[in-house]
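**Q** One file is attached below, target.tsv, containing TSV, C-alpha atoms and all ligand atoms.
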```
chain	number	residue	atom	x	y	z
A	1	MET	CA	195.34	-15.92	1.20
A	2	HIS	CA	196.90	-12.56	0.45
A	3	SER	CA	194.60	-10.52	-1.80
A	4	PHE	CA	197.46	-9.31	-3.99
A	5	LEU	CA	198.57	-12.82	-4.91
A	6	LEU	CA	197.43	-14.47	-8.12
A	7	PHE	CA	198.55	-18.07	-8.62
A	8	SER	CA	198.78	-19.67	-12.06
A	9	PRO	CA	196.73	-22.86	-12.44
A	10	GLU	CA	199.94	-24.94	-12.39
A	11	VAL	CA	201.19	-23.37	-9.14
A	12	ALA	CA	197.74	-23.47	-7.53
A	13	ALA	CA	197.52	-27.20	-8.29
A	14	ALA	CA	201.00	-27.78	-6.87
A	15	ARG	CA	200.08	-25.98	-3.65
A	16	ALA	CA	196.87	-27.98	-3.31
A	17	ALA	CA	198.79	-31.22	-3.83
A	18	GLY	CA	201.63	-30.24	-1.48
A	19	LYS	CA	204.20	-30.44	-4.27
A	20	PRO	CA	207.48	-28.54	-3.98
A	21	VAL	CA	207.47	-25.14	-5.69
A	22	VAL	CA	210.51	-23.11	-6.79
A	23	ALA	CA	210.28	-19.34	-7.21
A	24	LEU	CA	212.05	-17.57	-10.09
A	25	GLU	CA	212.67	-13.84	-10.46
A	26	SER	CA	211.73	-11.67	-13.42
A	27	THR	CA	214.31	-8.84	-13.36
A	28	ILE	CA	216.73	-11.36	-14.84
A	29	ILE	CA	214.25	-11.61	-17.74
A	30	SER	CA	213.53	-7.89	-18.21
A	31	HIS	CA	216.85	-6.32	-17.22
A	32	GLY	CA	219.37	-9.16	-16.98
A	33	MET	CA	219.30	-10.69	-20.46
A	34	PRO	CA	218.42	-9.45	-23.97
A	35	TYR	CA	215.29	-10.43	-25.88
A	36	PRO	CA	214.58	-13.10	-27.11
A	37	GLN	CA	217.17	-15.20	-25.22
A	38	ASN	CA	215.61	-13.99	-21.96
A	39	VAL	CA	212.19	-15.51	-22.70
A	40	GLN	CA	213.70	-18.66	-24.17
A	41	THR	CA	215.92	-19.13	-21.11
A	42	ALA	CA	213.01	-18.48	-18.72
A	43	ARG	CA	211.01	-21.25	-20.38
A	44	GLU	CA	213.92	-23.69	-20.38
A	45	VAL	CA	214.71	-23.00	-16.73
A	46	GLU	CA	211.08	-23.67	-15.82
A	47	GLN	CA	211.21	-26.98	-17.70
A	48	ILE	CA	214.37	-28.09	-15.88
A	49	ILE	CA	212.52	-27.57	-12.60
A	50	ARG	CA	209.52	-29.57	-13.83
A	51	ASP	CA	211.74	-32.39	-15.10
A	52	ALA	CA	213.33	-32.58	-11.64
A	53	GLY	CA	209.91	-33.08	-10.04
A	54	ALA	CA	209.15	-29.59	-8.71
A	55	VAL	CA	206.93	-26.80	-10.02
A	56	PRO	CA	208.35	-23.45	-11.22
A	57	ALA	CA	206.74	-20.18	-10.15
A	58	THR	CA	208.14	-17.20	-12.02
A	59	ILE	CA	207.07	-14.06	-10.16
A	60	ALA	CA	206.17	-10.64	-11.59
A	61	VAL	CA	203.72	-7.81	-10.96
A	62	ILE	CA	201.06	-7.53	-13.65
A	63	GLU	CA	197.90	-5.39	-13.56
A	64	GLY	CA	197.91	-4.87	-9.82
A	65	LYS	CA	198.61	-8.47	-8.87
A	66	ILE	CA	201.67	-10.37	-7.73
A	67	CYS	CA	201.55	-13.16	-10.31
A	68	VAL	CA	203.03	-16.39	-8.99
A	69	GLY	CA	203.57	-18.56	-12.06
A	70	LEU	CA	203.42	-16.95	-15.50
A	71	ASP	CA	201.99	-18.26	-18.75
A	72	ASP	CA	203.76	-17.93	-22.12
A	73	ALA	CA	202.08	-14.62	-22.97
A	74	GLN	CA	203.10	-13.12	-19.61
A	75	LEU	CA	206.72	-14.26	-20.00
A	76	GLU	CA	206.76	-12.76	-23.49
A	77	LEU	CA	205.28	-9.50	-22.18
A	78	LEU	CA	208.01	-9.18	-19.53
A	79	GLY	CA	210.79	-10.16	-21.89
A	80	ALA	CA	209.76	-7.85	-24.72
A	81	SER	CA	208.45	-4.74	-22.88
A	82	PRO	CA	211.11	-2.05	-22.57
A	83	ASP	CA	208.97	-0.29	-19.96
A	84	ALA	CA	208.82	-3.16	-17.46
A	85	MET	CA	209.90	-1.59	-14.17
A	86	LYS	CA	212.71	-3.07	-12.10
A	87	VAL	CA	210.97	-3.67	-8.76
A	88	SER	CA	212.81	-4.03	-5.48
A	89	ARG	CA	211.35	-3.74	-1.93
A	90	ARG	CA	211.06	0.03	-2.27
A	91	ASP	CA	209.09	-0.16	-5.53
A	92	LEU	CA	206.63	-2.97	-4.79
A	93	ALA	CA	203.73	-0.88	-3.44
A	94	TYR	CA	204.07	1.65	-6.27
A	95	VAL	CA	203.96	-0.85	-9.08
A	96	LEU	CA	201.01	-2.70	-7.50
A	97	ALA	CA	198.97	0.41	-6.66
A	98	GLN	CA	199.65	2.00	-10.07
A	99	LYS	CA	198.99	-1.30	-11.85
A	100	ARG	CA	202.25	-1.04	-13.77
A	101	LEU	CA	204.24	-3.90	-15.25
A	102	GLY	CA	206.92	-4.89	-12.76
A	103	ALA	CA	209.86	-7.28	-12.91
A	104	THR	CA	210.91	-8.38	-9.43
A	105	THR	CA	214.53	-8.36	-8.24
A	106	VAL	CA	215.96	-10.86	-5.79
A	107	ALA	CA	214.70	-8.74	-2.89
A	108	ALA	CA	211.16	-8.33	-4.22
A	109	THR	CA	210.94	-11.95	-5.37
A	110	MET	CA	211.92	-13.08	-1.86
A	111	ILE	CA	209.13	-10.95	-0.38
A	112	CYS	CA	206.58	-12.36	-2.84
A	113	ALA	CA	207.82	-15.94	-2.41
A	114	GLN	CA	207.43	-15.68	1.36
A	115	LEU	CA	203.90	-14.27	0.96
A	116	ALA	CA	203.15	-17.23	-1.32
A	117	GLY	CA	204.63	-19.78	1.08
A	118	ILE	CA	207.51	-20.73	-1.25
A	119	GLU	CA	210.79	-21.63	0.49
A	120	VAL	CA	213.23	-21.95	-2.41
A	121	PHE	CA	214.10	-19.35	-5.02
A	122	VAL	CA	216.49	-19.82	-7.95
A	123	THR	CA	218.33	-17.03	-9.71
A	124	GLY	CA	221.67	-16.28	-11.40
A	125	GLY	CA	223.44	-13.78	-9.18
A	126	ILE	CA	222.36	-11.71	-6.20
A	127	GLY	CA	223.05	-8.02	-5.69
A	128	GLY	CA	225.67	-6.94	-3.18
A	129	VAL	CA	227.98	-4.24	-1.93
A	130	HIS	CA	229.25	-2.28	-4.92
A	131	ARG	CA	232.89	-1.38	-5.31
A	132	GLY	CA	233.36	2.11	-3.93
A	133	ALA	CA	230.31	1.74	-1.67
A	134	GLU	CA	232.18	3.64	1.04
A	135	THR	CA	231.46	6.79	-0.96
A	136	SER	CA	228.46	5.82	-3.15
A	137	PHE	CA	226.52	3.98	-0.38
A	138	ASP	CA	225.46	1.58	-3.15
A	139	ILE	CA	224.51	-1.62	-1.36
A	140	SER	CA	221.83	-3.75	-2.99
A	141	ALA	CA	218.56	-4.08	-1.11
A	142	ASP	CA	218.94	-7.82	-1.81
A	143	LEU	CA	221.31	-8.12	1.16
A	144	GLN	CA	218.94	-6.50	3.65
A	145	GLU	CA	216.18	-8.76	2.33
A	146	LEU	CA	218.31	-11.83	2.90
A	147	ALA	CA	218.65	-10.67	6.51
A	148	ARG	CA	214.91	-10.53	7.13
A	149	THR	CA	212.98	-12.77	4.72
A	150	SER	CA	212.99	-16.54	5.14
A	151	VAL	CA	213.69	-17.89	1.67
A	152	ALA	CA	216.64	-19.98	0.47
A	153	VAL	CA	218.25	-18.31	-2.57
A	154	VAL	CA	220.16	-20.54	-4.99
A	155	CYS	CA	222.65	-18.48	-7.02
A	156	ALA	CA	226.11	-18.70	-8.61
A	157	GLY	CA	227.58	-16.25	-6.13
A	158	VAL	CA	228.09	-12.58	-6.94
A	159	LYS	CA	229.77	-10.94	-9.90
A	160	SER	CA	233.00	-9.09	-9.42
A	161	ILE	CA	231.21	-5.94	-10.60
A	162	LEU	CA	230.66	-5.96	-6.82
A	163	ASP	CA	233.07	-5.98	-3.91
A	164	ILE	CA	232.74	-9.67	-3.10
A	165	GLY	CA	234.66	-9.46	0.18
A	166	LEU	CA	232.51	-6.62	1.50
A	167	THR	CA	229.36	-8.39	0.32
A	168	LEU	CA	230.32	-11.43	2.42
A	169	GLU	CA	231.18	-9.19	5.40
A	170	TYR	CA	227.76	-7.54	5.14
A	171	LEU	CA	226.02	-10.91	5.03
A	172	GLU	CA	227.97	-12.07	8.08
A	173	THR	CA	227.00	-8.96	10.02
A	174	GLN	CA	223.36	-9.52	9.10
A	175	GLY	CA	223.52	-13.17	10.15
A	176	VAL	CA	222.93	-14.60	6.68
A	177	PRO	CA	224.61	-17.99	6.20
A	178	VAL	CA	226.37	-18.57	2.90
A	179	LEU	CA	226.44	-22.21	1.82
A	180	SER	CA	228.46	-23.63	-1.05
A	181	VAL	CA	227.76	-26.69	-3.14
A	182	GLY	CA	230.51	-29.04	-4.29
A	183	GLN	CA	233.48	-26.89	-3.26
A	184	PRO	CA	234.55	-24.80	-0.26
A	185	GLY	CA	234.98	-21.61	-2.32
A	186	PHE	CA	232.34	-18.95	-2.84
A	187	PRO	CA	231.84	-18.61	-6.61
A	188	ALA	CA	232.05	-15.37	-8.60
A	189	PHE	CA	229.23	-15.97	-11.09
A	190	PHE	CA	231.25	-16.10	-14.35
A	191	THR	CA	234.03	-18.04	-12.63
A	192	ARG	CA	233.98	-20.88	-10.10
A	193	GLU	CA	236.24	-19.20	-7.56
A	194	SER	CA	236.16	-15.72	-6.04
A	195	GLY	CA	239.14	-16.17	-3.74
A	196	PHE	CA	236.75	-16.19	-0.76
A	197	ARG	CA	235.30	-19.16	1.08
A	198	ALA	CA	231.66	-19.80	1.74
A	199	ASP	CA	230.70	-20.34	5.39
A	200	PHE	CA	229.63	-23.96	5.08
A	201	GLN	CA	230.00	-26.48	2.27
A	202	LEU	CA	226.90	-28.69	2.06
A	203	ASP	CA	226.87	-30.83	-1.05
A	204	THR	CA	223.63	-32.77	-0.87
A	205	PRO	CA	220.08	-31.39	-1.01
A	206	GLU	CA	219.30	-33.33	2.19
A	207	GLU	CA	222.13	-31.63	4.12
A	208	GLN	CA	221.14	-28.24	2.75
A	209	ALA	CA	217.49	-28.84	3.68
A	210	ALA	CA	218.41	-29.99	7.21
A	211	PHE	CA	220.50	-26.85	7.72
A	212	ILE	CA	217.78	-24.52	6.43
A	213	ARG	CA	214.99	-26.22	8.36
A	214	THR	CA	217.07	-26.09	11.55
A	215	LYS	CA	217.71	-22.36	11.11
A	216	TRP	CA	214.04	-21.60	10.73
A	217	GLN	CA	212.99	-23.98	13.51
A	218	LEU	CA	215.29	-22.04	15.83
A	219	GLY	CA	213.24	-18.96	15.03
A	220	LEU	CA	216.16	-17.45	13.12
A	221	ALA	CA	214.18	-15.71	10.40
A	222	GLY	CA	216.00	-14.67	7.25
A	223	GLY	CA	217.39	-16.10	4.08
A	224	VAL	CA	220.15	-18.52	3.25
A	225	VAL	CA	222.48	-18.11	0.27
A	226	VAL	CA	223.06	-21.42	-1.52
A	227	SER	CA	225.99	-20.67	-3.81
A	228	ASN	CA	226.48	-23.09	-6.67
A	229	PRO	CA	229.43	-22.58	-9.03
A	230	VAL	CA	228.98	-22.28	-12.78
A	231	PRO	CA	229.67	-25.64	-14.52
A	232	ALA	CA	233.38	-25.80	-15.39
A	233	ASP	CA	232.80	-26.08	-19.14
A	234	ALA	CA	230.74	-22.88	-19.15
A	235	ALA	CA	232.99	-20.74	-16.92
A	236	MET	CA	234.85	-17.74	-18.38
A	237	PRO	CA	238.62	-17.22	-18.10
A	238	SER	CA	239.01	-14.98	-15.06
A	239	ALA	CA	241.64	-12.62	-16.51
A	240	GLU	CA	239.40	-11.90	-19.49
A	241	ILE	CA	236.23	-11.27	-17.50
A	242	ASP	CA	238.10	-9.17	-14.92
A	243	ALA	CA	239.38	-6.84	-17.64
A	244	ILE	CA	235.94	-6.49	-19.16
A	245	ILE	CA	234.34	-5.79	-15.79
A	246	ALA	CA	236.97	-3.12	-15.09
A	247	GLN	CA	236.14	-1.46	-18.40
A	248	ALA	CA	232.37	-1.58	-17.77
A	249	LEU	CA	232.84	-0.13	-14.28
A	250	GLY	CA	234.96	2.71	-15.71
A	251	GLU	CA	232.29	3.53	-18.29
A	252	ALA	CA	229.53	3.53	-15.66
A	253	GLN	CA	231.52	6.00	-13.60
A	254	GLN	CA	232.35	8.25	-16.57
A	255	GLN	CA	228.71	8.33	-17.64
A	256	GLY	CA	227.49	9.00	-14.11
A	257	VAL	CA	225.20	5.96	-13.99
A	258	LYS	CA	223.47	5.93	-10.58
A	259	GLY	CA	220.96	4.11	-8.39
A	260	LYS	CA	218.94	1.21	-9.73
A	261	ALA	CA	220.37	1.71	-13.26
A	262	VAL	CA	223.90	0.67	-12.20
A	263	THR	CA	223.49	-3.11	-12.22
A	264	PRO	CA	221.51	-3.34	-15.51
A	265	PHE	CA	224.05	-1.00	-17.18
A	266	LEU	CA	226.99	-3.17	-16.11
A	267	LEU	CA	225.27	-6.42	-17.12
A	268	ALA	CA	224.44	-5.09	-20.60
A	269	ARG	CA	227.95	-3.71	-21.17
A	270	ILE	CA	229.58	-6.95	-20.06
A	271	LYS	CA	227.42	-8.83	-22.52
A	272	GLU	CA	228.43	-6.48	-25.36
A	273	LEU	CA	232.11	-6.46	-24.48
A	274	THR	CA	232.29	-10.27	-24.36
A	275	GLY	CA	230.55	-10.51	-27.73
A	276	GLY	CA	227.69	-12.38	-26.08
A	277	ARG	CA	229.85	-15.08	-24.49
A	278	SER	CA	228.97	-13.88	-21.00
A	279	LEU	CA	225.33	-14.51	-21.88
A	280	ASP	CA	226.09	-18.16	-22.66
A	281	THR	CA	227.79	-18.47	-19.26
A	282	ASN	CA	224.86	-16.73	-17.59
A	283	ILE	CA	222.34	-19.09	-19.19
A	284	ALA	CA	224.35	-22.19	-18.29
A	285	LEU	CA	224.69	-21.23	-14.64
A	286	VAL	CA	221.02	-20.37	-14.21
A	287	LYS	CA	220.06	-23.75	-15.63
A	288	HIS	CA	222.43	-25.51	-13.27
A	289	ASN	CA	221.00	-23.52	-10.36
A	290	ALA	CA	217.50	-24.58	-11.42
A	291	LEU	CA	218.43	-28.23	-10.99
A	292	VAL	CA	220.06	-27.65	-7.59
A	293	GLY	CA	217.09	-25.54	-6.47
A	294	ALA	CA	214.52	-28.11	-7.55
A	295	GLN	CA	216.38	-30.85	-5.68
A	296	LEU	CA	216.56	-28.62	-2.60
A	297	ALA	CA	212.82	-27.91	-2.80
A	298	LEU	CA	212.12	-31.65	-2.94
A	299	ALA	CA	214.36	-32.28	0.07
A	300	LEU	CA	212.83	-29.40	2.07
A	301	ASN	CA	209.37	-30.72	1.27
A	302	ALA	CA	210.41	-34.03	2.82
A	303	THR	CA	211.86	-32.30	5.90
A	304	PRO	CA	209.03	-31.58	8.32
A	305	HIS	CA	208.49	-28.12	9.78
A	306	ALA	CA	208.21	-29.15	13.42
B	401	LIG	N1	223.02	-9.72	-10.87
B	401	LIG	C1	223.06	-10.51	-11.96
B	401	LIG	N2	221.98	-10.59	-12.77
B	401	LIG	C2	220.82	-9.91	-12.48
B	401	LIG	C3	220.79	-9.09	-11.30
B	401	LIG	C4	221.91	-9.04	-10.54
B	401	LIG	O1	224.08	-11.13	-12.22
B	401	LIG	O2	219.85	-9.99	-13.23
B	401	LIG	C5	219.53	-8.39	-10.93
B	401	LIG	C6	218.76	-9.18	-9.88
B	401	LIG	O3	217.38	-9.00	-10.09
B	401	LIG	C7	219.17	-8.49	-8.59
B	401	LIG	C8	219.28	-7.06	-9.05
B	401	LIG	O4	218.25	-8.65	-7.54
B	401	LIG	O5	219.85	-7.13	-10.33
B	401	LIG	C9	220.09	-6.22	-8.11
B	401	LIG	O6	219.97	-4.89	-8.48
B	401	LIG	P1	220.59	-3.77	-7.55
B	401	LIG	O7	222.07	-3.97	-7.59
B	401	LIG	O8	220.15	-2.47	-8.17
B	401	LIG	O9	220.03	-4.00	-6.18
B	402	MN	MN	222.21	-0.23	-6.06
```
So that I can check it, write out the structure of this file as structure tokens.
**A**
Amino acid sequence: MHSFLLFSPEVAAARAAGKPVVALESTIISHGMPYPQNVQTAREVEQIIRDAGAVPATIAVIEGKICVGLDDAQLELLGASPDAMKVSRRDLAYVLAQKRLGATTVAATMICAQLAGIEVFVTGGIGGVHRGAETSFDISADLQELARTSVAVVCAGVKSILDIGLTLEYLETQGVPVLSVGQPGFPAFFTRESGFRADFQLDTPEEQAAFIRTKWQLGLAGGVVVSNPVPADAAMPSAEIDAIIAQALGEAQQQGVKGKAVTPFLLARIKELTGGRSLDTNIALVKHNALVGAQLALALNATPHA
């Protein structure tokens, strides 16, 4: 076992018993939602996964270890510490070697999940190609990670803070399949439709598991995006959210926000500008993803490797 990994008792027991495990990221806790809703949501998401018959493993870097499964005190620490570092692939060695507190992004959580032998990872939204990337070069490391690391990522699509069309083009180039659940359209996080189609609609966990297992059995390493639209009753009106996103993007540009600060800045501004309603949508979609991810983990567990 990898010497940097530290499993919680719950996750260690699940591994020993061969139970399905679902990874969860921690940047969504530290940088994606405000305290205390972040910690509350993290706990509720974990419980949804347990109730569906799988075991949640929230991942973070604490005191020089990749912690796979966090207790209440660790979730609280991540949610309440303003100095928790946002950790992507680039940052992982630094935060481990320096024994800093690190919240893992989609990219870093995929790396840690693969090290821990976890095949399914649930989050809200993935990073992507930013608008204006042709001059800023701002393309999330999440996309490159999806190209190389073999973990299925359940999400509600990507926000239109990003260029959704270019994000899908990038994923196609990198050979990353984009599945959709329950509809042909690729969702846009706050709304159910982005105007783009996913590659393949696979509605049942069994079909999704068969697809994913087949990919990996072919030796085609890399991730799969399982895009699951926000429940209709929690979606935001698209005209309203589009206007708010445009305003947040304008402010980011005016203030010269750069690098890893861009996404957290936009998420926080959107939350403020919607008077917190975007947070309700965010929480609802993550919970729905948790259910879909747990069911996928169960189905994958029942789909043999060879
Ligand atoms: N998008 C969201 N919520 C999030 C993030 C993205 O809707 O919390 C976080 C995830 O951790 C994702 C990261 O991996 O931001 C991407 O950051 P960047 O764009 O700097 O790669
Ligand atoms: Mn970026």
**Q** Between chain A and ligand MN 402 (chain B), at 9 Å or less, what are the per-residue closest atom pairs and their distances in Å? Count only C-alpha atoms and all ligand atoms, order by chain and rising residue number, and return it as JSON lines.
**A**
```
{"residue": "A:Gly127", "atom": "CA", "partner": "B:MN402", "partner_atom": "MN", "distance": 7.8}
{"residue": "A:Gly128", "atom": "CA", "partner": "B:MN402", "partner_atom": "MN", "distance": 8.1}
{"residue": "A:Val129", "atom": "CA", "partner": "B:MN402", "partner_atom": "MN", "distance": 8.2}
{"residue": "A:His130", "atom": "CA", "partner": "B:MN402", "partner_atom": "MN", "distance": 7.4}
{"residue": "A:Phe137", "atom": "CA", "partner": "B:MN402", "partner_atom": "MN", "distance": 8.3}
{"residue": "A:Asp138", "atom": "CA", "partner": "B:MN402", "partner_atom": "MN", "distance": 4.7}
{"residue": "A:Ile139", "atom": "CA", "partner": "B:MN402", "partner_atom": "MN", "distance": 5.4}
{"residue": "A:Ser140", "atom": "CA", "partner": "B:MN402", "partner_atom": "MN", "distance": 4.7}
{"residue": "A:Ala141", "atom": "CA", "partner": "B:MN402", "partner_atom": "MN", "distance": 7.3}
{"residue": "A:Lys258", "atom": "CA", "partner": "B:MN402", "partner_atom": "MN", "distance": 7.7}
{"residue": "A:Gly259", "atom": "CA", "partner": "B:MN402", "partner_atom": "MN", "distance": 5.1}
{"residue": "A:Lys260", "atom": "CA", "partner": "B:MN402", "partner_atom": "MN", "distance": 5.1}
{"residue": "A:Ala261", "atom": "CA", "partner": "B:MN402", "partner_atom": "MN", "distance": 7.7}
{"residue": "A:Val262", "atom": "CA", "partner": "B:MN402", "partner_atom": "MN", "distance": 6.4}
{"residue": "A:Thr263", "atom": "CA", "partner": "B:MN402", "partner_atom": "MN", "distance": 6.9}
```
**Q** Any residue with an atom at most 10 Å from ligand LIG 401 (chain B) counts, using only C-alpha atoms and all ligand atoms. Which are they? Put them as a PyMOL selection string.
**A** chain A and resi 25-33+86-89+103-110+123-130+138-143+155-162+188-190+258-268+282+286
**Q** How many Å lie between CA of Ser8 in chain A and CA of Val55 in chain A, rounded to one decimal?
**A**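 If I compute the distance from CA of Ser8 in chain A to CA of Val55 in chain A, I get 11.0 Å.
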**Q** In Å to one decimal, how far is CA of Arg148 in chain A from CA of Leu218 in chain A?
**A**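 If I compute the distance from CA of Leu218 in chain A to CA of Arg148 in chain A, I get 14.4 Å.
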**Q** Ranking A:Ile245, A:Leu146, A:Val226, A:Leu6 by minimum distance to Leu115 in chain A and counting all atoms listed in the file, which one comes first?
**A**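 The closest residue to Leu115 in chain A is A:Leu6.
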**Q** Please determine, counting only C-alpha atoms, which residue among A:Gly256, A:Pro237, A:Pro177, A:Pro187 has the shortest atom-to-atom distance to Val224 in chain A.
**A**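 Result for the nearest residue to Val224 in chain A: A:Pro177.
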**Q** Using all atoms listed in the file, can you tell me which of A:Val292, A:Ile48, A:Leu101, A:Ala73 comes closest to Ala60 in chain A?
**A** A:Leu101
**Q** Take the point (201.1, -16.3, -4.3) in the file's coordinates, draw a sphere of radius 12 Å around it, and report as a ChimeraX atom specification every protein, DNA or RNA residue with an atom inside or on it, counting only C-alpha atoms.
**A** /A:1-12,14-15,21-23,57-61,65-70,109-118
**Q** Using CA of Lys271 in chain A and CA of Gly185 in chain A as the two end points, give the distance in Å to one decimal.
**A** 25.1 Å
**Q** Smallest atom-to-atom distance to Gln174 in chain A: which of A:Leu291, A:Ala221, A:Ala17, A:Leu92, using all atoms listed in the file?
**A**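 Looking only at the distances to Gln174 in chain A, the closest residue turns out to be A:Ala221.
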**Q** Using all atoms listed in the file for the distances, tell me which of A:Met85, A:Ala42, A:Val151, A:Ala93 is nearest to Leu300 in chain A.
**A**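 Of all the options, A:Val151 lies closest to Leu300 in chain A.
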**Q** When you count all atoms listed in the file, which of these residues is closest to Arg213 in chain A: A:Ala284, A:Leu77, A:Ala152, A:Ala232?
**A**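 With all atoms listed in the file as the atom set, the closest residue is A:Ala152.
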**Q** At a cut-off of 10 Å, using only C-alpha atoms, what residues contact Asp203 in chain A? Leave out same-chain residues fewer than 4 positions from it and give the result as a PyMOL selection string.
**A** chain A and resi 179-184+207-208+228+292
**Q** Kindly write range 187-255 of chain A with C-alpha atoms to a file, as a PDB file, in the first residue's frame.
**A**
```pdb
ATOM      1  CA  PRO A 187     -25.807  19.779 -18.535  1.00  0.00           C
ATOM      2  CA  ALA A 188     -24.460  23.197 -17.539  1.00  0.00           C
ATOM      3  CA  PHE A 189     -24.349  22.756 -13.754  1.00  0.00           C
ATOM      4  CA  PHE A 190     -26.952  25.371 -12.712  1.00  0.00           C
ATOM      5  CA  THR A 191     -29.174  24.429 -15.642  1.00  0.00           C
ATOM      6  CA  ARG A 192     -30.095  21.083 -17.189  1.00  0.00           C
ATOM      7  CA  GLU A 193     -29.107  21.980 -20.743  1.00  0.00           C
ATOM      8  CA  SER A 194     -25.955  23.559 -22.140  1.00  0.00           C
ATOM      9  CA  GLY A 195     -26.986  23.450 -25.790  1.00  0.00           C
ATOM     10  CA  PHE A 196     -24.388  20.705 -26.368  1.00  0.00           C
ATOM     11  CA  ARG A 197     -24.907  16.959 -26.453  1.00  0.00           C
ATOM     12  CA  ALA A 198     -23.029  14.409 -24.428  1.00  0.00           C
ATOM     13  CA  ASP A 199     -21.333  11.638 -26.408  1.00  0.00           C
ATOM     14  CA  PHE A 200     -23.430   8.757 -25.109  1.00  0.00           C
ATOM     15  CA  GLN A 201     -26.608   8.677 -23.046  1.00  0.00           C
ATOM     16  CA  LEU A 202     -26.517   5.764 -20.586  1.00  0.00           C
ATOM     17  CA  ASP A 203     -29.333   5.908 -18.075  1.00  0.00           C
ATOM     18  CA  THR A 204     -28.803   2.903 -15.839  1.00  0.00           C
ATOM     19  CA  PRO A 205     -25.878   2.241 -13.484  1.00  0.00           C
ATOM     20  CA  GLU A 206     -25.460  -1.187 -15.117  1.00  0.00           C
ATOM     21  CA  GLU A 207     -25.044   0.328 -18.602  1.00  0.00           C
ATOM     22  CA  GLN A 208     -22.648   2.944 -17.265  1.00  0.00           C
ATOM     23  CA  ALA A 209     -20.631   0.281 -15.442  1.00  0.00           C
ATOM     24  CA  ALA A 210     -20.479  -1.960 -18.529  1.00  0.00           C
ATOM     25  CA  PHE A 211     -19.214   0.960 -20.621  1.00  0.00           C
ATOM     26  CA  ILE A 212     -16.567   1.969 -18.071  1.00  0.00           C
ATOM     27  CA  ARG A 213     -15.388  -1.584 -17.454  1.00  0.00           C
ATOM     28  CA  THR A 214     -15.126  -2.198 -21.203  1.00  0.00           C
ATOM     29  CA  LYS A 215     -13.026   0.946 -21.680  1.00  0.00           C
ATOM     30  CA  TRP A 216     -10.572  -0.078 -19.010  1.00  0.00           C
ATOM     31  CA  GLN A 217     -10.501  -3.722 -20.109  1.00  0.00           C
ATOM     32  CA  LEU A 218      -9.438  -2.502 -23.544  1.00  0.00           C
ATOM     33  CA  GLY A 219      -6.433  -0.911 -21.880  1.00  0.00           C
ATOM     34  CA  LEU A 220      -7.820   2.560 -22.590  1.00  0.00           C
ATOM     35  CA  ALA A 221      -6.610   4.279 -19.441  1.00  0.00           C
ATOM     36  CA  GLY A 222      -8.220   7.549 -18.450  1.00  0.00           C
ATOM     37  CA  GLY A 223     -11.359   8.905 -16.922  1.00  0.00           C
ATOM     38  CA  VAL A 224     -14.986   8.982 -17.924  1.00  0.00           C
ATOM     39  CA  VAL A 225     -17.264  11.976 -17.343  1.00  0.00           C
ATOM     40  CA  VAL A 226     -20.698  10.895 -16.098  1.00  0.00           C
ATOM     41  CA  SER A 227     -22.788  14.045 -16.454  1.00  0.00           C
ATOM     42  CA  ASN A 228     -25.992  14.117 -14.448  1.00  0.00           C
ATOM     43  CA  PRO A 229     -28.278  17.141 -14.753  1.00  0.00           C
ATOM     44  CA  VAL A 230     -29.400  19.133 -11.721  1.00  0.00           C
ATOM     45  CA  PRO A 231     -32.899  18.046 -10.581  1.00  0.00           C
ATOM     46  CA  ALA A 232     -35.478  20.174 -12.418  1.00  0.00           C
ATOM     47  CA  ASP A 233     -36.925  21.700  -9.248  1.00  0.00           C
ATOM     48  CA  ALA A 234     -33.493  22.953  -8.177  1.00  0.00           C
ATOM     49  CA  ALA A 235     -32.306  24.332 -11.533  1.00  0.00           C
ATOM     50  CA  MET A 236     -31.849  28.097 -12.010  1.00  0.00           C
ATOM     51  CA  PRO A 237     -33.485  30.120 -14.798  1.00  0.00           C
ATOM     52  CA  SER A 238     -30.834  30.247 -17.516  1.00  0.00           C
ATOM     53  CA  ALA A 239     -31.257  33.926 -18.450  1.00  0.00           C
ATOM     54  CA  GLU A 240     -30.736  34.942 -14.826  1.00  0.00           C
ATOM     55  CA  ILE A 241     -27.664  32.803 -14.219  1.00  0.00           C
ATOM     56  CA  ASP A 242     -26.139  33.792 -17.574  1.00  0.00           C
ATOM     57  CA  ALA A 243     -26.358  37.477 -16.672  1.00  0.00           C
ATOM     58  CA  ILE A 244     -24.800  36.882 -13.277  1.00  0.00           C
ATOM     59  CA  ILE A 245     -21.979  34.807 -14.742  1.00  0.00           C
ATOM     60  CA  ALA A 246     -21.279  37.556 -17.284  1.00  0.00           C
ATOM     61  CA  GLN A 247     -21.028  40.088 -14.466  1.00  0.00           C
ATOM     62  CA  ALA A 248     -18.719  37.856 -12.383  1.00  0.00           C
ATOM     63  CA  LEU A 249     -16.481  37.235 -15.406  1.00  0.00           C
ATOM     64  CA  GLY A 250     -16.270  40.988 -16.052  1.00  0.00           C
ATOM     65  CA  GLU A 251     -15.259  41.658 -12.451  1.00  0.00           C
ATOM     66  CA  ALA A 252     -12.602  38.931 -12.531  1.00  0.00           C
ATOM     67  CA  GLN A 253     -11.101  40.515 -15.616  1.00  0.00           C
ATOM     68  CA  GLN A 254     -11.224  44.065 -14.216  1.00  0.00           C
ATOM     69  CA  GLN A 255      -9.561  42.946 -10.992  1.00  0.00           C
TER      70      GLN A 255
END
```
